[in-house]
Amino acid sequence: MSALAAAPLAQSGGPVIPNFGRGDDCIRNNGKFCLHWFLDNFQQRYLPRVGEHLKMTAIAIVIGFVIAFGAALIAHRHRRFELPFANVASLFYTIPSIAFFQIMVPITGIGWTSIEIALVSYTLLILFRNILTGLREVPGEVKEAAEGMGLTRRQILLRVELPLAVPAIIAGLRVATVTTISLATIAAFITPLGLGAPIFNAIQSGANTEFVGASLLAIALALLADVLIVLTQRVVSPWTRARRQSA
């Protein structure tokens, strides 16, 4: 070291060591849940995962509902179609979720396609059963009265059967949506998408806050989705609320 460089060090009593502090005690000790860390990292770490989770769920529910609705309409008119479709849907529903995702990887690869095929398959049985039950629980005398008024079969379906089947359909939609939100976390087992990504990462690293934060967000999404579906039912079928109030 040159004399010119050593002089300032000698005058100041030696080199200056930066003081970075002790850090956050909760994070350093891996506390059960560090709220401030969760809030500070929410936008960067969690918000993109929430968006992915919502996207996975919405795609699965929309596709599953379209398939189940069409199948239920066919089974409503042709009873022989009900048992084969229900058996296939039941088979998909009984496959463990992790195994289902693993089975799809060699077939459709790692990505959105494998995830959505598995998630859609889990919605079919729930939606199909509820839609079909709602259509079949329409009282026979109501349909006879509609026929007496000169309505065609299609008009009876659109104006009578489907409106009266709304409560059963919505009930199935609620169960399917909440189930899909929970199963979507397992999708991170094959690719880091959705809220399952921080959950699996926390399991491997032992980060309690990351695990609890992602889990709470998944629960909040399920509760919020359920509330929104209930509110939607009240909007599209106000007569059901009036019926309950009169009862």
# chains A, B, ... in the order shown; residues from 1 in each chain; ligands from 1

$ residues_around --residues "region 172-186 of chain A" --least-positions-apart "4" --cutoff "8 Å" --atoms "only C-alpha atoms" --output "VMD selection string"
chain A and resid 53 to 54 56 to 57 60 to 61 97 to 98 115 119 122 to 123 126 to 127 129 to 131 168 194 to 197 199 218 221 to 223 225 to 226 229

$ write_last_selection --atoms "N, CA, C and O atoms" --output "compact mmCIF listing (two decimals), in the first residue's frame"
# COMPACT_ATOMS: atom_id res chain seq x y z
N HIS A 53 -53.08 -18.02 -11.90
CA HIS A 53 -54.03 -18.91 -11.25
C HIS A 53 -55.45 -18.65 -11.74
O HIS A 53 -56.21 -19.58 -12.03
N LEU A 54 -55.80 -17.38 -11.82
CA LEU A 54 -57.13 -17.01 -12.32
C LEU A 54 -57.31 -17.45 -13.77
O LEU A 54 -58.39 -17.92 -14.16
N MET A 56 -55.78 -19.96 -15.36
CA MET A 56 -55.93 -21.42 -15.41
C MET A 56 -57.33 -21.84 -15.02
O MET A 56 -57.96 -22.69 -15.67
N THR A 57 -57.85 -21.24 -13.95
CA THR A 57 -59.18 -21.59 -13.46
C THR A 57 -60.26 -21.20 -14.45
O THR A 57 -61.17 -21.99 -14.74
N ALA A 60 -60.36 -23.50 -17.57
CA ALA A 60 -60.87 -24.83 -17.24
C ALA A 60 -62.39 -24.81 -17.02
O ALA A 60 -63.11 -25.70 -17.50
N ILE A 61 -62.88 -23.80 -16.31
CA ILE A 61 -64.31 -23.73 -16.01
C ILE A 61 -65.11 -23.47 -17.28
O ILE A 61 -66.17 -24.10 -17.50
N SER A 97 -54.77 -36.15 -8.55
CA SER A 97 -54.38 -34.98 -9.33
C SER A 97 -52.91 -35.01 -9.76
O SER A 97 -52.59 -34.75 -10.93
N ILE A 98 -52.00 -35.34 -8.85
CA ILE A 98 -50.59 -35.37 -9.21
C ILE A 98 -50.34 -36.42 -10.28
O ILE A 98 -49.59 -36.19 -11.25
N ILE A 115 -51.99 -28.97 -18.24
CA ILE A 115 -52.70 -28.47 -17.05
C ILE A 115 -54.19 -28.36 -17.32
O ILE A 115 -55.02 -28.81 -16.52
N LEU A 119 -57.43 -30.18 -15.53
CA LEU A 119 -58.40 -29.38 -14.77
C LEU A 119 -59.80 -29.48 -15.37
O LEU A 119 -60.79 -29.57 -14.63
N TYR A 122 -61.58 -32.68 -14.39
CA TYR A 122 -62.13 -32.73 -13.03
C TYR A 122 -63.46 -31.96 -12.90
O TYR A 122 -64.20 -32.19 -11.94
N THR A 123 -63.74 -31.07 -13.82
CA THR A 123 -64.99 -30.31 -13.72
C THR A 123 -66.18 -31.03 -14.35
O THR A 123 -67.32 -30.72 -14.03
N ILE A 126 -68.93 -33.01 -12.03
CA ILE A 126 -69.70 -32.11 -11.16
C ILE A 126 -70.70 -31.30 -11.98
O ILE A 126 -71.90 -31.23 -11.63
N LEU A 127 -70.23 -30.69 -13.05
CA LEU A 127 -71.10 -29.84 -13.85
C LEU A 127 -72.17 -30.65 -14.58
O LEU A 127 -73.35 -30.25 -14.62
N ARG A 129 -73.55 -33.58 -13.78
CA ARG A 129 -74.57 -34.07 -12.86
C ARG A 129 -75.52 -32.96 -12.42
O ARG A 129 -76.74 -33.15 -12.36
N ASN A 130 -74.99 -31.81 -12.10
CA ASN A 130 -75.84 -30.73 -11.61
C ASN A 130 -76.72 -30.15 -12.70
O ASN A 130 -77.90 -29.84 -12.46
N ILE A 131 -76.18 -29.99 -13.90
CA ILE A 131 -76.99 -29.46 -15.00
C ILE A 131 -78.11 -30.43 -15.34
O ILE A 131 -79.28 -30.02 -15.50
N ALA A 168 -79.60 -25.29 -9.50
CA ALA A 168 -78.78 -26.50 -9.53
C ALA A 168 -77.52 -26.30 -10.36
O ALA A 168 -76.44 -26.78 -9.99
N GLY A 194 -48.97 -20.31 -11.45
CA GLY A 194 -50.00 -20.11 -10.44
C GLY A 194 -49.45 -20.04 -9.03
O GLY A 194 -48.23 -20.00 -8.79
N LEU A 195 -50.35 -20.04 -8.07
CA LEU A 195 -49.96 -19.95 -6.66
C LEU A 195 -49.30 -21.22 -6.16
O LEU A 195 -48.71 -21.22 -5.07
N GLY A 196 -49.38 -22.29 -6.92
CA GLY A 196 -48.68 -23.50 -6.53
C GLY A 196 -47.18 -23.35 -6.61
O GLY A 196 -46.44 -24.05 -5.91
N ALA A 197 -46.69 -22.43 -7.48
CA ALA A 197 -45.24 -22.24 -7.64
C ALA A 197 -44.59 -21.79 -6.33
O ALA A 197 -43.62 -22.42 -5.87
N ILE A 199 -45.81 -22.10 -3.38
CA ILE A 199 -46.08 -23.13 -2.37
C ILE A 199 -45.06 -24.26 -2.48
O ILE A 199 -44.45 -24.68 -1.47
N ALA A 218 -54.70 -18.43 -2.18
CA ALA A 218 -55.52 -19.45 -2.84
C ALA A 218 -56.87 -19.58 -2.15
O ALA A 218 -57.92 -19.69 -2.82
N LEU A 221 -58.97 -16.52 -3.03
CA LEU A 221 -59.52 -16.62 -4.39
C LEU A 221 -60.74 -17.53 -4.42
O LEU A 221 -61.73 -17.22 -5.09
N ALA A 222 -60.66 -18.65 -3.72
CA ALA A 222 -61.80 -19.58 -3.70
C ALA A 222 -63.03 -18.93 -3.06
O ALA A 222 -64.15 -19.04 -3.57
N LEU A 223 -62.83 -18.24 -1.94
CA LEU A 223 -63.95 -17.58 -1.27
C LEU A 223 -64.53 -16.45 -2.13
O LEU A 223 -65.76 -16.31 -2.22
N ALA A 225 -64.39 -16.14 -5.42
CA ALA A 225 -65.08 -16.72 -6.57
C ALA A 225 -66.45 -17.24 -6.18
O ALA A 225 -67.43 -17.06 -6.91
N ASP A 226 -66.54 -17.87 -5.01
CA ASP A 226 -67.82 -18.40 -4.55
C ASP A 226 -68.82 -17.27 -4.32
O ASP A 226 -69.99 -17.37 -4.71
N ILE A 229 -70.06 -15.87 -7.68
CA ILE A 229 -71.01 -16.75 -8.35
C ILE A 229 -72.39 -16.66 -7.70
O ILE A 229 -73.42 -16.64 -8.38

$ closest_atom_pairs --of "region 87-149 of chain A" --to "region 154-162 of chain A" --cutoff "9 Å" --atoms "only C-alpha atoms" --output "JSON lines"
{"residue": "A:Ile131", "atom": "CA", "partner": "A:Leu162", "partner_atom": "CA", "distance": 8.9}
{"residue": "A:Gly134", "atom": "CA", "partner": "A:Leu162", "partner_atom": "CA", "distance": 7.9}
{"residue": "A:Leu135", "atom": "CA", "partner": "A:Glu161", "partner_atom": "CA", "distance": 5.8}
{"residue": "A:Arg136", "atom": "CA", "partner": "A:Glu161", "partner_atom": "CA", "distance": 8.3}
{"residue": "A:Glu137", "atom": "CA", "partner": "A:Glu161", "partner_atom": "CA", "distance": 8.8}
{"residue": "A:Val138", "atom": "CA", "partner": "A:Glu161", "partner_atom": "CA", "distance": 6.1}
{"residue": "A:Val142", "atom": "CA", "partner": "A:Val160", "partner_atom": "CA", "distance": 7.9}
{"residue": "A:Lys143", "atom": "CA", "partner": "A:Ile156", "partner_atom": "CA", "distance": 7.0}
{"residue": "A:Ala146", "atom": "CA", "partner": "A:Ile156", "partner_atom": "CA", "distance": 6.5}
{"residue": "A:Glu147", "atom": "CA", "partner": "A:Ile156", "partner_atom": "CA", "distance": 7.6}

$ residues_around --residues "Gly31 (chain A)" --least-positions-apart "6" --cutoff "9 Å" --atoms "only C-alpha atoms" --output "list of chain:residue names"
A:Asp25, A:Ala207, A:Asn208, A:Thr209

$ atom_distance --atom1 "CA of Phe92 (chain A)" --atom2 "CA of Ser121 (chain A)"
5.9 Å

$ residues_around --residues "Phe200 (chain A)" --least-positions-apart "3" --cutoff "8 Å" --atoms "only C-alpha atoms" --output "ChimeraX atom specification"
/A:188-189,196-197,203-204,211

$ atom_distance --atom1 "CA of Ala89 (chain A)" --atom2 "CA of Leu125 (chain A)"
5.0 Å

$ select_by_dssp --residues "region 19-56 of chain A" --states "helix (DSSP H, G or I)" --output "list in words"
Asp25, Cys26, Ile27, Arg28, Leu35, His36, Trp37, Phe38, Leu39, Asp40, Phe42, Gln43, Gln44, Arg45, Tyr46, Leu47, Pro48, Arg49, Val50, Gly51, Glu52, His53, Leu54, Lys55 and Met56 of chain A

$ write_last_selection --atoms "C-alpha atoms" --output "tab-separated table (two decimals), in the first residue's frame"
chain	number	residue	atom	x	y	z
A	25	ASP	CA	-35.81	-10.68	12.87
A	26	CYS	CA	-38.95	-12.37	11.52
A	27	ILE	CA	-37.34	-13.23	8.17
A	28	ARG	CA	-33.98	-14.18	9.72
A	35	LEU	CA	-46.76	-9.80	7.15
A	36	HIS	CA	-44.52	-6.88	6.20
A	37	TRP	CA	-42.37	-9.10	3.96
A	38	PHE	CA	-45.50	-10.47	2.31
A	39	LEU	CA	-46.84	-6.97	1.64
A	40	ASP	CA	-43.47	-5.70	0.38
A	42	PHE	CA	-46.77	-8.98	-3.05
A	43	GLN	CA	-46.69	-7.04	-6.31
A	44	GLN	CA	-43.50	-8.59	-7.63
A	45	ARG	CA	-43.70	-12.10	-6.18
A	46	TYR	CA	-47.38	-12.95	-5.78
A	47	LEU	CA	-49.49	-10.78	-8.08
A	48	PRO	CA	-48.25	-12.43	-11.33
A	49	ARG	CA	-49.00	-15.84	-9.80
A	50	VAL	CA	-52.51	-14.75	-8.89
A	51	GLY	CA	-53.09	-13.74	-12.51
A	52	GLU	CA	-51.82	-17.11	-13.75
A	53	HIS	CA	-54.03	-18.91	-11.25
A	54	LEU	CA	-57.13	-17.01	-12.32
A	55	LYS	CA	-56.34	-17.68	-15.97
A	56	MET	CA	-55.93	-21.42	-15.41

$ atom_distance --atom1 "CA of Ala75 (chain A)" --atom2 "CA of Arg153 (chain A)"
15.0 Å

$ residues_around --residues "Thr191 (chain A)" --least-positions-apart "4" --cutoff "7 Å" --atoms "only C-alpha atoms" --output "PyMOL selection string"
chain A and resi 110-111+187

$ closest_residue --among "A:Leu124, A:Cys34, A:Glu82, A:Ser237" --to "Ile63 (chain A)" --atoms "only C-alpha atoms"
A:Leu124
